[in-house]
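Listing of start05.cif; format and content: mmCIF, C-alpha atoms.
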data_query
loop_
_atom_site.label_atom_id
_atom_site.label_comp_id
_atom_site.auth_asym_id
_atom_site.auth_seq_id
_atom_site.Cartn_x
_atom_site.Cartn_y
_atom_site.Cartn_z
CA MET W 1 3.96 -17.97 -11.22
CA ALA W 2 4.01 -14.18 -11.00
CA GLN W 3 7.50 -13.96 -9.56
CA GLU W 4 8.95 -15.65 -12.64
CA ARG W 5 7.78 -12.78 -14.81
CA SER W 6 9.49 -9.43 -14.88
CA TRP W 7 7.92 -6.34 -13.34
CA TYR W 8 7.68 -4.90 -16.86
CA GLU W 9 5.69 -7.88 -18.14
CA VAL W 10 3.36 -7.84 -15.16
CA VAL W 11 2.75 -4.10 -15.52
CA GLN W 12 2.08 -4.39 -19.25
CA GLU W 13 -0.49 -7.11 -18.66
CA CYS W 14 -2.16 -5.11 -15.89
CA GLN W 15 -2.27 -1.96 -18.02
CA GLU W 16 -4.22 -3.78 -20.72
CA ARG W 17 -6.71 -4.99 -18.14
CA VAL W 18 -6.95 -1.55 -16.53
CA ALA W 19 -7.70 0.04 -19.91
CA ARG W 20 -10.47 -2.52 -20.54
CA ILE W 21 -12.04 -1.95 -17.13
CA ARG W 22 -11.84 1.84 -17.29
CA ALA W 23 -13.31 1.95 -20.80
CA VAL W 24 -16.49 0.51 -19.27
CA LEU W 25 -16.62 1.93 -15.73
CA THR W 26 -15.70 5.54 -16.53
CA THR W 27 -18.50 5.71 -19.09
CA GLY W 28 -21.25 4.48 -16.80
CA GLY W 29 -21.04 0.81 -17.82
CA ALA W 30 -21.81 -2.07 -15.46
CA LEU W 31 -19.42 -4.42 -13.71
CA THR W 32 -19.52 -7.72 -15.61
CA PRO W 33 -18.04 -11.07 -14.55
CA GLU W 34 -15.33 -10.56 -17.20
CA LEU W 35 -14.31 -7.21 -15.70
CA GLN W 36 -14.41 -8.73 -12.24
CA ALA W 37 -12.06 -11.44 -13.48
CA ASP W 38 -9.76 -8.73 -14.87
CA ILE W 39 -9.67 -7.01 -11.47
CA ASN W 40 -8.90 -10.28 -9.69
CA ALA W 41 -6.12 -10.96 -12.18
CA ILE W 42 -4.58 -7.53 -11.51
CA ILE W 43 -4.64 -8.08 -7.75
CA LEU W 44 -3.15 -11.56 -8.04
CA ALA W 45 -0.47 -10.34 -10.46
CA MET W 46 0.53 -7.61 -8.00
CA ARG W 47 0.22 -9.66 -4.82
CA ASN W 48 3.70 -11.16 -4.67
CA TRP W 49 5.36 -7.81 -5.37
CA LEU W 50 3.25 -6.26 -2.66
CA ILE W 51 4.27 -8.98 -0.20
CA GLY W 52 7.90 -8.30 -1.13
CA ARG W 53 7.50 -4.61 -0.31
CA LEU W 54 5.77 -5.34 3.00
CA ARG W 55 8.45 -7.81 4.06
CA GLN W 56 11.14 -5.25 3.21
CA TYR W 57 9.20 -2.85 5.39
CA GLY W 58 8.98 -5.36 8.22
CA LEU W 59 5.19 -5.77 8.38
CA THR W 60 3.41 -8.86 9.68
CA GLU W 61 1.04 -11.16 7.82
CA ASP W 62 -1.96 -9.53 9.53
CA ALA W 63 -0.77 -6.15 8.35
CA PHE W 64 -0.48 -7.60 4.84
CA GLY W 65 -4.24 -8.26 4.85
CA ASP W 66 -4.99 -4.67 5.88
CA VAL W 67 -2.65 -3.14 3.32
CA LEU W 68 -3.87 -5.40 0.51
CA LEU W 69 -7.48 -4.54 1.35
CA ALA W 70 -6.63 -0.82 1.32
CA VAL W 71 -4.88 -1.23 -2.05
CA ILE W 72 -7.89 -3.05 -3.54
CA GLU W 73 -10.34 -0.44 -2.23
CA GLN W 74 -8.20 2.37 -3.63
CA LEU W 75 -7.88 0.56 -6.96
CA HIS W 76 -11.68 0.19 -7.11
CA ARG W 77 -12.12 3.94 -6.55
CA ASP W 78 -9.48 5.02 -9.04
CA LEU W 79 -10.61 2.61 -11.76
CA ARG W 80 -13.88 4.55 -11.88
CA SER W 81 -12.28 7.99 -11.70
CA PRO W 82 -12.19 9.73 -15.10
CA GLY W 83 -9.25 11.85 -13.88
CA PHE W 84 -7.00 8.91 -13.19
CA GLY W 85 -6.10 8.06 -16.80
CA SER W 86 -2.41 7.88 -15.88
CA MET W 87 -3.00 4.42 -14.38
CA GLU W 88 -3.55 3.10 -17.92
CA ARG W 89 -0.12 4.32 -19.06
CA LYS W 90 1.93 4.09 -15.88
CA PHE W 91 0.33 1.37 -13.83
CA GLY W 92 3.64 0.32 -12.25
CA ALA W 93 4.21 3.82 -10.89
CA TYR W 94 0.54 4.11 -9.89
CA ILE W 95 0.38 0.88 -7.90
CA SER W 96 3.80 1.40 -6.29
CA THR W 97 2.86 4.94 -5.25
CA THR W 98 -0.49 3.75 -3.89
CA VAL W 99 1.20 1.06 -1.79
CA ASN W 100 3.80 3.56 -0.60
CA ARG W 101 1.07 6.05 0.33
CA ILE W 102 -0.76 3.41 2.38
CA LEU W 103 2.49 2.52 4.13
CA TYR W 104 3.13 6.21 4.78
CA GLU W 105 -0.32 6.59 6.35
CA ARG W 106 0.28 3.51 8.53
CA LYS W 107 3.65 4.85 9.57
CA HIS W 108 2.10 8.09 10.73
CA ARG W 109 -0.75 6.32 12.46
CA GLN W 110 1.38 3.84 14.31
CA GLN W 111 4.66 5.71 14.51
CA HIS W 112 6.20 2.78 12.72
CA THR W 113 9.80 3.52 11.79
CA LEU W 114 11.65 2.47 8.71
CA SER W 115 14.79 1.39 10.47
CA SER W 116 16.74 0.51 7.35
CA ILE W 117 16.50 4.10 6.13
CA GLU W 118 16.86 5.84 9.44
CA SER W 119 19.93 3.81 10.29
CA LEU W 120 21.77 5.62 7.50
CA ASP W 121 21.19 8.89 9.33
CA ALA W 122 22.33 7.47 12.64
CA PRO W 123 25.71 8.72 13.86
CA ILE W 124 28.57 6.28 14.27
CA GLY W 125 29.38 6.09 17.95
CA ASP W 126 28.40 8.97 20.20
CA ASP W 127 29.84 11.86 18.18
CA GLY W 128 30.57 10.34 14.80
CA PRO W 129 29.30 11.46 11.41
CA PRO W 130 26.14 9.93 9.93
CA LEU W 131 26.64 6.46 8.55
CA HIS W 132 25.77 7.46 4.98
CA GLU W 133 28.75 9.85 4.87
CA VAL W 134 31.31 7.18 5.53
CA ILE W 135 29.97 4.16 3.65
CA GLU W 136 32.47 3.27 0.98
CA ASP W 137 30.58 2.03 -2.01
CA THR W 138 32.76 0.41 -4.63
CA THR W 139 29.88 -1.05 -6.60
CA LEU W 140 30.10 1.56 -9.33
CA GLU W 141 33.79 0.92 -9.98
CA ARG W 142 33.12 -2.78 -10.11
CA LEU W 143 30.33 -2.24 -12.61
CA ALA W 144 32.65 -0.07 -14.71
CA GLU W 145 35.33 -2.77 -14.76
CA GLU W 146 32.81 -5.36 -15.82
CA TYR W 147 31.68 -3.03 -18.55
CA HIS W 148 35.18 -2.68 -19.97
CA GLU W 149 35.92 -6.36 -19.68
CA ASN W 150 32.67 -7.74 -20.99
CA GLN W 151 31.53 -5.11 -23.47
CA LEU W 152 28.48 -4.35 -21.41
CA HIS W 153 28.35 -0.69 -22.31
CA GLN W 154 25.17 -0.87 -24.34
CA GLN W 155 23.48 -3.15 -21.88
CA LEU W 156 24.34 -0.79 -19.03
CA HIS W 157 22.85 2.18 -20.85
CA ALA W 158 19.73 0.23 -21.72
CA ALA W 159 19.42 -0.83 -18.10
CA ILE W 160 19.86 2.74 -16.87
CA ALA W 161 17.24 3.95 -19.37
CA ALA W 162 14.81 1.36 -18.01
CA LEU W 163 15.24 2.44 -14.37
CA PRO W 164 12.42 4.28 -12.61
CA VAL W 165 12.97 8.00 -13.15
CA ILE W 166 14.31 8.93 -9.72
CA GLU W 167 16.83 6.08 -9.77
CA ARG W 168 17.86 7.06 -13.31
CA ILE W 169 18.47 10.64 -12.25
CA VAL W 170 20.48 9.68 -9.18
CA ILE W 171 22.63 7.10 -10.98
CA THR W 172 23.21 9.39 -13.98
CA TYR W 173 24.44 12.23 -11.79
CA ARG W 174 26.61 9.89 -9.76
CA LEU W 175 28.17 8.56 -12.99
CA ARG W 176 28.93 12.17 -13.93
CA GLY W 177 30.75 12.54 -10.63
CA VAL W 178 28.14 14.62 -8.81
CA ARG W 179 28.28 13.95 -5.08
CA GLY W 180 25.33 12.38 -3.31
CA THR W 181 24.92 15.43 -1.07
CA ASP W 182 24.71 17.70 -4.13
CA ILE W 183 22.11 15.44 -5.73
CA ALA W 184 20.20 15.50 -2.46
CA GLN W 185 20.26 19.29 -2.43
CA MET W 186 19.17 19.49 -6.06
CA LEU W 187 16.17 17.21 -5.48
CA GLY W 188 15.38 18.43 -2.00
CA MET W 189 15.84 14.96 -0.53
CA SER W 190 17.92 13.94 2.46
CA PRO W 191 21.39 12.48 1.68
CA ALA W 192 20.35 9.25 3.40
CA ASN W 193 17.39 8.83 1.08
CA VAL W 194 19.52 9.57 -1.97
CA SER W 195 21.97 6.88 -0.78
CA HIS W 196 19.08 4.48 -0.40
CA THR W 197 17.79 5.29 -3.90
CA TYR W 198 21.30 4.97 -5.36
CA ASN W 199 21.85 1.58 -3.75
CA ARG W 200 18.51 0.35 -5.02
CA ALA W 201 19.41 1.51 -8.54
CA VAL W 202 22.76 -0.29 -8.34
CA ARG W 203 21.02 -3.45 -7.19
CA ARG W 204 18.63 -3.21 -10.12
CA LEU W 205 21.48 -2.56 -12.57
CA ARG W 206 23.41 -5.51 -11.24
CA GLN W 207 20.38 -7.72 -11.73
CA ALA W 208 19.83 -6.37 -15.25
CA LEU W 209 23.46 -6.92 -16.24
CA THR W 210 23.68 -10.41 -14.83
CA THR W 211 20.32 -11.71 -16.00
CA GLY W 212 19.77 -9.58 -19.09
CA ASP W 213 16.45 -8.40 -17.62
CA SER W 214 16.46 -4.62 -18.08
CA SER W 215 12.93 -4.08 -16.72
CA MET Q 1 -7.82 17.47 4.08
CA LYS Q 2 -6.86 15.93 0.74
CA ASP Q 3 -7.59 12.27 0.22
CA ARG Q 4 -5.22 9.47 -0.71
CA SER Q 5 -5.90 9.85 -4.44
CA TYR Q 6 -4.63 13.43 -4.35
CA PHE Q 7 -1.27 12.39 -2.89
CA VAL Q 8 -0.90 9.50 -5.35
CA GLU Q 9 -1.80 11.72 -8.29
CA ALA Q 10 0.61 14.46 -7.12
CA ALA Q 11 3.43 11.92 -6.83
CA LEU Q 12 2.75 10.71 -10.39
CA ARG Q 13 2.73 14.31 -11.62
CA TYR Q 14 6.10 14.93 -9.98
CA GLU Q 15 7.58 11.83 -11.58
CA GLU Q 16 6.24 12.91 -14.97
CA LEU Q 17 8.04 16.22 -14.59
CA LEU Q 18 11.27 14.38 -13.85
CA GLU Q 19 10.62 12.04 -16.78
CA SER Q 20 10.26 15.04 -19.08
CA GLY Q 21 13.72 16.22 -18.07
CA GLN Q 22 12.68 18.95 -15.65
CA ILE Q 23 14.82 18.45 -12.56
CA ILE Q 24 12.64 20.27 -10.09
CA SER Q 25 13.25 19.94 -6.36
CA LEU Q 26 10.59 18.70 -3.99
CA ASP Q 27 10.38 22.15 -2.41
CA GLU Q 28 9.78 23.83 -5.76
CA PHE Q 29 7.14 21.27 -6.66
CA VAL Q 30 5.17 21.45 -3.42
CA ALA Q 31 5.28 25.26 -3.51
CA GLN Q 32 2.77 25.03 -6.37
CA GLU Q 33 0.34 22.95 -4.29
CA PRO Q 34 -2.25 24.18 -1.75
CA PRO Q 35 -0.49 25.56 1.38
CA GLU Q 36 -2.31 23.25 3.80
CA VAL Q 37 -0.94 20.08 2.19
CA ARG Q 38 2.63 21.16 1.38
CA GLU Q 39 4.32 19.79 4.47
CA GLU Q 40 2.67 16.39 4.29
CA LEU Q 41 3.02 16.19 0.50
CA ARG Q 42 6.73 16.94 0.67
CA ALA Q 43 7.28 14.30 3.34
CA PHE Q 44 5.27 11.75 1.37
CA LEU Q 45 7.02 12.50 -1.94
CA GLU Q 46 10.42 11.90 -0.37
CA PHE Q 47 9.16 8.74 1.32
CA ASN Q 48 7.74 7.54 -2.01
CA LEU Q 49 10.91 8.29 -3.99
CA THR Q 50 12.99 6.55 -1.36
CA LEU Q 51 10.91 3.35 -1.31
CA GLY Q 52 10.59 3.41 -5.11
CA GLU Q 53 8.69 0.96 -7.27
CA LEU Q 54 7.78 -2.52 -6.08
CA ASP Q 55 10.86 -4.53 -6.91
CA GLU Q 56 11.06 -7.75 -4.90
CA PRO Q 57 8.39 -10.37 -5.63
CA VAL Q 58 8.05 -12.96 -2.88
CA ALA Q 59 6.09 -16.21 -2.88
CA PRO Q 60 3.12 -15.92 -0.49
CA THR Q 61 2.67 -18.06 2.59
CA ALA Q 62 -0.53 -20.07 3.02
CA THR Q 63 -1.76 -17.38 5.42
CA GLU Q 64 -1.07 -14.65 2.90
CA GLU Q 65 -2.93 -16.58 0.21
CA SER Q 66 -5.89 -16.92 2.55
CA LEU Q 67 -5.75 -13.22 3.46
CA THR Q 68 -5.70 -12.36 -0.25
CA ASP Q 69 -8.88 -14.36 -0.82
CA ARG Q 70 -10.58 -12.67 2.13
CA ALA Q 71 -9.51 -9.19 1.07
CA LEU Q 72 -10.82 -9.79 -2.46
CA ALA Q 73 -14.15 -11.11 -1.15
CA LEU Q 74 -14.60 -8.17 1.26
CA ALA Q 75 -13.66 -5.51 -1.27
CA HIS Q 76 -15.80 -7.01 -4.02
CA ALA Q 77 -18.85 -7.18 -1.77
CA ALA Q 78 -18.44 -3.49 -0.88
CA TRP Q 79 -17.82 -2.52 -4.48
CA GLU Q 80 -20.82 -4.39 -5.84
CA ARG Q 81 -23.05 -2.80 -3.22
CA GLU Q 82 -21.79 0.61 -4.26
CA LEU Q 83 -22.20 -0.08 -7.99
CA ARG Q 84 -25.76 -1.26 -7.36
CA GLY Q 85 -26.42 2.07 -5.66
CA GLU Q 86 -27.48 0.47 -2.39
CA PRO Q 87 -27.14 2.54 0.81
CA THR Q 88 -24.06 2.00 2.98
CA ARG Q 89 -24.97 0.01 6.08
CA ASN Q 90 -22.48 -0.92 8.76
CA LEU Q 91 -22.78 -3.77 11.21
CA THR Q 92 -24.51 -1.56 13.78
CA ASP Q 93 -27.17 -0.57 11.23
CA LEU Q 94 -27.81 -4.22 10.36
CA ARG Q 95 -28.07 -5.21 14.02
CA ARG Q 96 -30.46 -2.35 14.85
CA GLU Q 97 -32.64 -3.25 11.86
CA ARG Q 98 -33.21 -6.62 13.55
CA GLN Q 99 -33.84 -4.82 16.88
CA LEU Q 100 -31.05 -6.69 18.59
CA THR Q 101 -28.78 -5.39 21.33
CA VAL Q 102 -25.03 -6.00 21.21
CA GLY Q 103 -25.32 -8.35 24.19
CA ARG Q 104 -28.11 -10.41 22.66
CA LEU Q 105 -26.42 -10.77 19.29
CA ALA Q 106 -23.13 -11.61 21.01
CA ARG Q 107 -24.85 -14.39 22.98
CA GLN Q 108 -26.33 -15.80 19.77
CA LEU Q 109 -22.86 -15.84 18.21
CA ARG Q 110 -21.17 -17.06 21.40
CA LEU Q 111 -18.84 -14.08 21.23
CA PRO Q 112 -17.76 -11.77 24.06
CA ALA Q 113 -19.95 -8.64 23.86
CA GLY Q 114 -16.83 -6.47 24.05
CA LEU Q 115 -15.47 -8.13 20.92
CA LEU Q 116 -18.70 -7.61 18.98
CA ALA Q 117 -18.75 -3.94 20.06
CA ARG Q 118 -15.15 -3.60 18.86
CA LEU Q 119 -16.10 -5.17 15.54
CA GLU Q 120 -18.89 -2.61 15.21
CA ARG Q 121 -16.42 0.21 15.94
CA GLY Q 122 -14.30 -1.00 13.01
CA LYS Q 123 -11.34 -1.74 15.24
CA VAL Q 124 -10.84 -5.36 14.23
CA SER Q 125 -8.79 -5.95 11.08
CA ALA Q 126 -11.43 -7.07 8.57
CA THR Q 127 -9.25 -9.62 6.76
CA THR Q 128 -8.61 -11.49 10.01
CA ILE Q 129 -12.32 -12.01 10.78
CA PRO Q 130 -13.06 -15.75 10.39
CA GLU Q 131 -15.29 -16.80 7.53
CA ARG Q 132 -17.39 -18.76 10.03
CA LEU Q 133 -18.18 -15.61 12.00
CA ILE Q 134 -19.22 -13.80 8.80
CA GLU Q 135 -21.55 -16.69 7.96
CA ARG Q 136 -22.99 -16.76 11.48
CA LEU Q 137 -23.56 -13.01 11.44
CA ALA Q 138 -25.39 -13.43 8.13
CA GLY Q 139 -27.56 -16.14 9.68
CA ALA Q 140 -28.29 -14.19 12.87
CA LEU Q 141 -29.10 -10.97 11.00
CA HIS Q 142 -31.04 -12.73 8.21
CA THR Q 143 -28.98 -11.10 5.51
CA PRO Q 144 -26.69 -12.35 2.69
CA VAL Q 145 -23.03 -13.02 3.45
CA ALA Q 146 -22.06 -10.35 0.89
CA THR Q 147 -24.04 -7.76 2.86
CA ILE Q 148 -22.10 -8.64 6.02
CA ARG Q 149 -18.81 -8.35 4.12
CA ALA Q 150 -19.78 -4.95 2.73
CA ALA Q 151 -20.90 -3.85 6.23
CA LEU Q 152 -17.51 -4.76 7.69
CA LEU Q 153 -15.89 -2.20 5.37
CA ALA Q 154 -18.55 0.49 5.85
CA PRO Q 155 -17.65 3.47 8.05
CA PRO Q 156 -18.55 2.71 11.69
CA PRO Q 157 -21.01 4.95 13.56
CA VAL Q 158 -19.57 8.03 15.22
CA SER Q 159 -19.46 7.27 18.93
CA ALA Q 160 -20.89 9.53 21.60
CA SER Q 161 -17.42 9.97 23.10
CA ALA Q 162 -16.01 11.03 19.73
CA ARG Q 163 -18.76 13.65 19.42
CA LEU Q 164 -18.00 14.82 22.95
CA HIS Q 165 -14.30 15.10 22.12
CA ALA Q 166 -15.09 17.09 18.99
CA ASP Q 167 -17.09 19.51 21.13
CA ASP Q 168 -14.71 19.98 24.03
CA GLY Q 169 -11.43 19.59 22.16
CA ILE Q 170 -10.12 16.72 24.30
CA ILE Q 171 -7.97 14.38 22.28
CA GLU Q 172 -7.54 10.81 23.46
CA PRO Q 173 -5.32 8.17 21.85
CA GLU Q 174 -7.08 6.42 18.98
CA GLU Q 175 -8.17 2.85 19.71
CA PRO Q 176 -5.83 0.57 17.75
CA THR Q 177 -7.11 -1.81 15.09
CA VAL Q 178 -6.09 -5.35 15.99
CA SER Q 179 -6.49 -8.84 14.59
CA PHE Q 180 -9.54 -10.93 15.47
CA ALA Q 181 -7.40 -13.23 17.62
CA GLN Q 182 -5.98 -10.27 19.55
CA ALA Q 183 -9.41 -8.67 19.98
CA PHE Q 184 -10.78 -12.00 21.21
CA ALA Q 185 -8.00 -12.35 23.78
CA ASP Q 186 -8.49 -8.73 24.90
CA SER Q 187 -12.21 -9.21 25.52
CA ALA Q 188 -11.92 -11.64 28.45
CA PRO Q 189 -13.90 -14.50 26.86
CA THR Q 190 -15.64 -17.13 28.94
CA GLU Q 191 -14.63 -20.78 28.68
CA GLU Q 192 -17.71 -21.46 26.55
CA GLU Q 193 -16.87 -18.62 24.15
CA ARG Q 194 -13.26 -19.74 23.96
CA ALA Q 195 -14.34 -23.28 23.12
CA ALA Q 196 -16.79 -22.04 20.47
CA TRP Q 197 -14.04 -20.22 18.54
CA ALA Q 198 -10.99 -22.30 19.46
CA ASP Q 199 -10.55 -23.67 15.95
CA VAL Q 200 -10.02 -20.22 14.40
CA LEU Q 201 -7.83 -18.67 17.09
#
Take the structure from the file and write it as structure tokens.
Amino acid sequence: MAQERSWYEVVQECQERVARIRAVLTTGGALTPELQADINAIILAMRNWLIGRLRQYGLTEDAFGDVLLAVIEQLHRDLRSPGFGSMERKFGAYISTTVNRILYERKHRQQHTLSSIESLDAPIGDDGPPLHEVIEDTTLERLAEEYHENQLHQQLHAAIAALPVIERIVITYRLRGVRGTDIAQMLGMSPANVSHTYNRAVRRLRQALTTGDSS
Amino acid sequence: MKDRSYFVEAALRYEELLESGQIISLDEFVAQEPPEVREELRAFLEFNLTLGELDEPVAPTATEESLTDRALALAHAAWERELRGEPTRNLTDLRRERQLTVGRLARQLRLPAGLLARLERGKVSATTIPERLIERLAGALHTPVATIRAALLAPPPVSASARLHADDGIIEPEEPTVSFAQAFADSAPTEEERAAWADVL
């Protein structure tokens, strides 16, 4: 099943299929049953990851159908677009960004709110500071201790190198002691969103260090 | 207005810059883009960076598996029509070609007329439309099932009220897109219509 494979493996497999499909469709070739099977395989490989994102986002099953359909239609368009060669090299980033864009459009259409992110900006009590300023996160220290105790240094660096670029930047600066607010200013993001990105990176690192899966 | 592909491509370009070691802020990046899209692009880029890559695979429910099959069938029908170079025809076009009114077609299908009209306006989520209705539409309109599927994804006709609003500048709230079950309930079905579709509601 797809969820037993790593994101890296799934993306690699999809990239090979994408390259095959684009080699035909961007040069005026016809859609064959083999290419159709490749497209179906890409959608099915991505489906469970897409469901995961939608559940995190709090969408219903009906909404899943709409978003999946929008993703497939967008994929169909971009597979034929000569200017979209990046999807052959960075399919993981492409499909994630496409899903995120569709969610962004839905959010603006329906005024749907991403409560898990906004809650970090919410003040504590009536006059308190935003939640993200007072969260004490000891995960990094714990990871450092594990590193010293279990000789995980190399694994940690490999895992950091394998992170998506924004997570790698945030975690690298935090490890250098740069404050979250300064990273936010540097990137032009809100501190709450940097906290969210940092926590996601830590979760991914923890998974990589405990399972040996650095993808 | 830029389309979805532009925003996706811009986000990938920004990530490539970061990958290459150029730590450029969102403001600096969007400053190089067309003025009319900067605000939305900036908001989207931050949203995209914050959500990040897909990272939590989840086993689908039976409903989600079924919705996947329907979405694939709908999208493939539309894509094949496009690749064959056939003209885009929506449900209204197909109905008018058979010289049928909404009311008459609705009676043939045992559907509330209001629901069929909503379907034609594209305000019923396509993946929730029962397979049986797609087959019955194909039968009533004497056209292949794939043509009905492609029509469900084709842009709906521009309504007279929308044209009026464009002329006089009045903006009304957009009609929401709802599931087939919700649209059915909203359309005050008769007992006979309810009985005809009870198994898919």
> Pick the closest to chain W from Q:Val158, Q:Leu119, Q:Ala188, Q:Leu41: which is it, counting only C-alpha atoms?
Replying inline: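 Among the listed residues, Q:Leu41 lies closest to chain W.
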> Counting all atoms listed in the file, which residues from chain W have an atom at most 6 Å from any atom of chain Q, and could you show them as a ChimeraX atom specification?
Replying inline: /W:3,48-49,52,65,69,96-98,100,165,186-188,193,197
Selection export as a short mmCIF file (atom, residue, chain, number, x, y, z; two decimals), keeping the file's coordinate frame, atoms kept: C-alpha atoms:
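Result file is part.cif:
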data_model
loop_
_atom_site.label_atom_id
_atom_site.label_comp_id
_atom_site.auth_asym_id
_atom_site.auth_seq_id
_atom_site.Cartn_x
_atom_site.Cartn_y
_atom_site.Cartn_z
CA GLN W 3 7.50 -13.96 -9.56
CA ASN W 48 3.70 -11.16 -4.67
CA TRP W 49 5.36 -7.81 -5.37
CA GLY W 52 7.90 -8.30 -1.13
CA GLY W 65 -4.24 -8.26 4.85
CA LEU W 69 -7.48 -4.54 1.35
CA SER W 96 3.80 1.40 -6.29
CA THR W 97 2.86 4.94 -5.25
CA THR W 98 -0.49 3.75 -3.89
CA ASN W 100 3.80 3.56 -0.60
CA VAL W 165 12.97 8.00 -13.15
CA MET W 186 19.17 19.49 -6.06
CA LEU W 187 16.17 17.21 -5.48
CA GLY W 188 15.38 18.43 -2.00
CA ASN W 193 17.39 8.83 1.08
CA THR W 197 17.79 5.29 -3.90
#
>> Just to confirm, what's the straight-line distance from CA of Ala151 (chain Q) to CA of Ser187 (chain Q) in Å (one decimal)?
In response: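 Calculated distance between CA of Ala151 (chain Q) and CA of Ser187 (chain Q) is 21.8 Å.
Compared by their closest atoms to Leu115 (chain Q), and using all atoms listed in the file, the residues Q:Tyr14, Q:Phe184, Q:Gln32, Q:Leu141 rank with Q:Phe184 nearest.
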>> So, with only C-alpha atoms as the atoms that count, which of Q:Arg121, Q:Ala62, Q:Met1, Q:Gln182 lies closest to Arg38 (chain Q)?
In response: Q:Met1
>> Within 10 Å of (-26.1, -13.5, 19.0) (file coordinates; only C-alpha atoms), which protein or nucleic acid residues are there? I'd like them as JSON, numbers by chain.
In response: {"Q": [95, 100, 101, 102, 103, 104, 105, 106, 107, 108, 109, 110, 111, 112, 113, 116, 136, 137, 139, 140, 141]}
> What is the CA of Leu54 (chain W)-CA of Val11 (chain W) distance in Å, reported with one decimal?
Replying inline: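 Rounded to one decimal, the two atoms are 18.8 Å apart.
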> Any idea what the distance is between CA of Arg179 (chain W) and CA of Ala161 (chain W)?
Replying inline: 20.6 Å
>> Neighbouring residues of Val170 (chain W) were defined as those with any atom within 7 Å, considering all atoms listed in the file; residues of the same chain fewer than 3 positions away were excluded. Please report them as a list in words.
In response: Ile166, Glu167, Tyr173, Arg174, Ile183 and Tyr198 of chain W
Emit the selected residues as a PDB file, in the frame of the given file, including C-alpha atoms.
ATOM      1  CA  ILE W 166      14.310   8.930  -9.720  1.00  0.00           C
ATOM      2  CA  GLU W 167      16.830   6.080  -9.770  1.00  0.00           C
ATOM      3  CA  TYR W 173      24.440  12.230 -11.790  1.00  0.00           C
ATOM      4  CA  ARG W 174      26.610   9.890  -9.760  1.00  0.00           C
ATOM      5  CA  ILE W 183      22.110  15.440  -5.730  1.00  0.00           C
ATOM      6  CA  TYR W 198      21.300   4.970  -5.360  1.00  0.00           C
TER       7      TYR W 198
END
Just write region 30-42 of chain W with N, CA and C atoms, as an mmCIF file, in the first residue's frame, taken from the block above.
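And here is the file that came out, decode_4.cif:
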data_model
loop_
_atom_site.group_PDB
_atom_site.id
_atom_site.type_symbol
_atom_site.label_atom_id
_atom_site.label_comp_id
_atom_site.auth_asym_id
_atom_site.auth_seq_id
_atom_site.Cartn_x
_atom_site.Cartn_y
_atom_site.Cartn_z
ATOM 1 N N ALA W 30 -0.181 11.268 -28.946
ATOM 2 C CA ALA W 30 -1.539 10.943 -28.513
ATOM 3 C C ALA W 30 -1.534 10.236 -27.152
ATOM 4 N N LEU W 31 -2.665 10.339 -26.481
ATOM 5 C CA LEU W 31 -2.846 9.665 -25.202
ATOM 6 C C LEU W 31 -3.117 8.181 -25.459
ATOM 7 N N THR W 32 -2.211 7.327 -25.012
ATOM 8 C CA THR W 32 -2.375 5.887 -25.211
ATOM 9 C C THR W 32 -2.879 5.250 -23.917
ATOM 10 N N PRO W 33 -3.373 4.028 -23.980
ATOM 11 C CA PRO W 33 -3.795 3.354 -22.745
ATOM 12 C C PRO W 33 -2.652 3.233 -21.725
ATOM 13 N N GLU W 34 -1.411 3.080 -22.227
ATOM 14 C CA GLU W 34 -0.269 2.969 -21.313
ATOM 15 C C GLU W 34 -0.060 4.284 -20.549
ATOM 16 N N LEU W 35 -0.176 5.398 -21.279
ATOM 17 C CA LEU W 35 -0.007 6.701 -20.617
ATOM 18 C C LEU W 35 -1.150 6.950 -19.643
ATOM 19 N N GLN W 36 -2.351 6.534 -20.055
ATOM 20 C CA GLN W 36 -3.503 6.679 -19.166
ATOM 21 C C GLN W 36 -3.274 5.891 -17.874
ATOM 22 N N ALA W 37 -2.695 4.706 -18.023
ATOM 23 C CA ALA W 37 -2.401 3.885 -16.839
ATOM 24 C C ALA W 37 -1.355 4.571 -15.965
ATOM 25 N N ASP W 38 -0.384 5.234 -16.603
ATOM 26 C CA ASP W 38 0.622 5.983 -15.835
ATOM 27 C C ASP W 38 -0.033 7.106 -15.030
ATOM 28 N N ILE W 39 -0.969 7.807 -15.663
ATOM 29 C CA ILE W 39 -1.652 8.913 -14.968
ATOM 30 C C ILE W 39 -2.454 8.378 -13.789
ATOM 31 N N ASN W 40 -3.180 7.288 -14.018
ATOM 32 C CA ASN W 40 -3.949 6.684 -12.916
ATOM 33 C C ASN W 40 -3.029 6.287 -11.767
ATOM 34 N N ALA W 41 -1.869 5.726 -12.128
ATOM 35 C CA ALA W 41 -0.931 5.279 -11.088
ATOM 36 C C ALA W 41 -0.415 6.468 -10.279
ATOM 37 N N ILE W 42 -0.190 7.597 -10.947
ATOM 38 C CA ILE W 42 0.274 8.799 -10.229
ATOM 39 C C ILE W 42 -0.799 9.256 -9.241
#
